[in-house]
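Q: My questions all concern the structure below.
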Amino acid sequence: MWNGLLLSLLLSVSMGFSFKGATCGLSGRVEDERGNAVRATVATTVGLTALGLVFSYQGLWFGGAAVVFGIGFSHLAARLVPQTVSLVISTVALYSYLQLAGPWVSTV
């Protein structure tokens, strides 16, 4: 059970901290956001991957809880963490999830 909670927490951190980078291309003027296109692409990829993994391998209850915590982490990241650092945190959290859940994910 604790392993499932840790994995769900890692995915919620990944979703939450990537949300700010994923939405940067949707708000603001195009001229100002062109430099953030790569960052937004990576953040969207990381966030959607985490969202898909949380429901496919953790189940409905852990998945729903991870999404709720991810929303909380996104508010925290928007206020306290710069956008590049937020993207690094979300990528490291997703990588950690894949390393910890690797044997289970590959056999399912």
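Simple scheme: letters A, B, ... for chains in structure tokens order, numbers from 1 for residues in each chain, numbers from 1 for ligands in the order shown.
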What's the 8 Å shell around Phe73 of chain A, counting only C-alpha atoms, without same-chain residues fewer than 2 positions away, as a list in words?

A: Ser12, Val13, Gly16, Phe17, Phe69, Gly70, Ile71, His75, Leu76 and Ala77 of chain A

Q: Tell me, in Å to one decimal, how far atom CA of Val38 of chain A is from atom CA of Ala65 of chain A.

A: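 Result for atom CA of Val38 of chain A versus atom CA of Ala65 of chain A: 29.3 Å, one decimal.
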
Q: What lies within 10 Å of Phe62 of chain A using only C-alpha atoms, ignoring chain neighbours under 5 positions off, as a PyMOL selection string?

A: chain A and resi 4-5+7-9+12+54-55+57+67-68

Q: If we count only C-alpha atoms and set the cut-off at 9 Å, which residues sit around segment 50-53 of chain A, ignoring sequence neighbours fewer than 6 positions away in its own chain? Please answer as a list of chain:residue names.

A: A:Leu10, A:Leu11, A:Ser12, A:Ser14, A:Met15, A:Gly63, A:Ala66, A:Val67, A:Leu94

Q: Using only C-alpha atoms, which residues sit within 10 Å of Val92 of chain A once same-chain residues fewer than 4 positions away are excluded, as a compact mmCIF listing (two decimals) with C-alpha atoms, in the first residue's frame?

A:
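Final file, part.txt:
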```txt
# COMPACT_ATOMS: atom_id res chain seq x y z
CA LEU A 10 5.28 11.07 -7.54
CA VAL A 13 3.96 16.02 -8.25
CA SER A 14 4.76 15.44 -11.91
CA VAL A 46 5.31 15.07 -18.94
CA SER A 86 8.98 23.50 -11.93
CA LEU A 87 9.58 21.63 -15.19
CA VAL A 88 12.73 20.01 -13.80
CA SER A 96 11.59 8.48 -10.39
CA TYR A 97 8.18 6.92 -10.87
CA LEU A 98 9.37 5.04 -13.93
```

Q: Report, in Å with one decimal, the straight-line distance from atom CA of Leu60 of chain A to atom CA of Ala40 of chain A.

A: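 About the pair atom CA of Leu60 of chain A and atom CA of Ala40 of chain A: they are 27.6 Å apart.
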
Q: Could you tell me how far atom CA of Leu100 of chain A lies from atom CA of Gln83 of chain A, in Å and to one decimal?

A: 25.8 Å
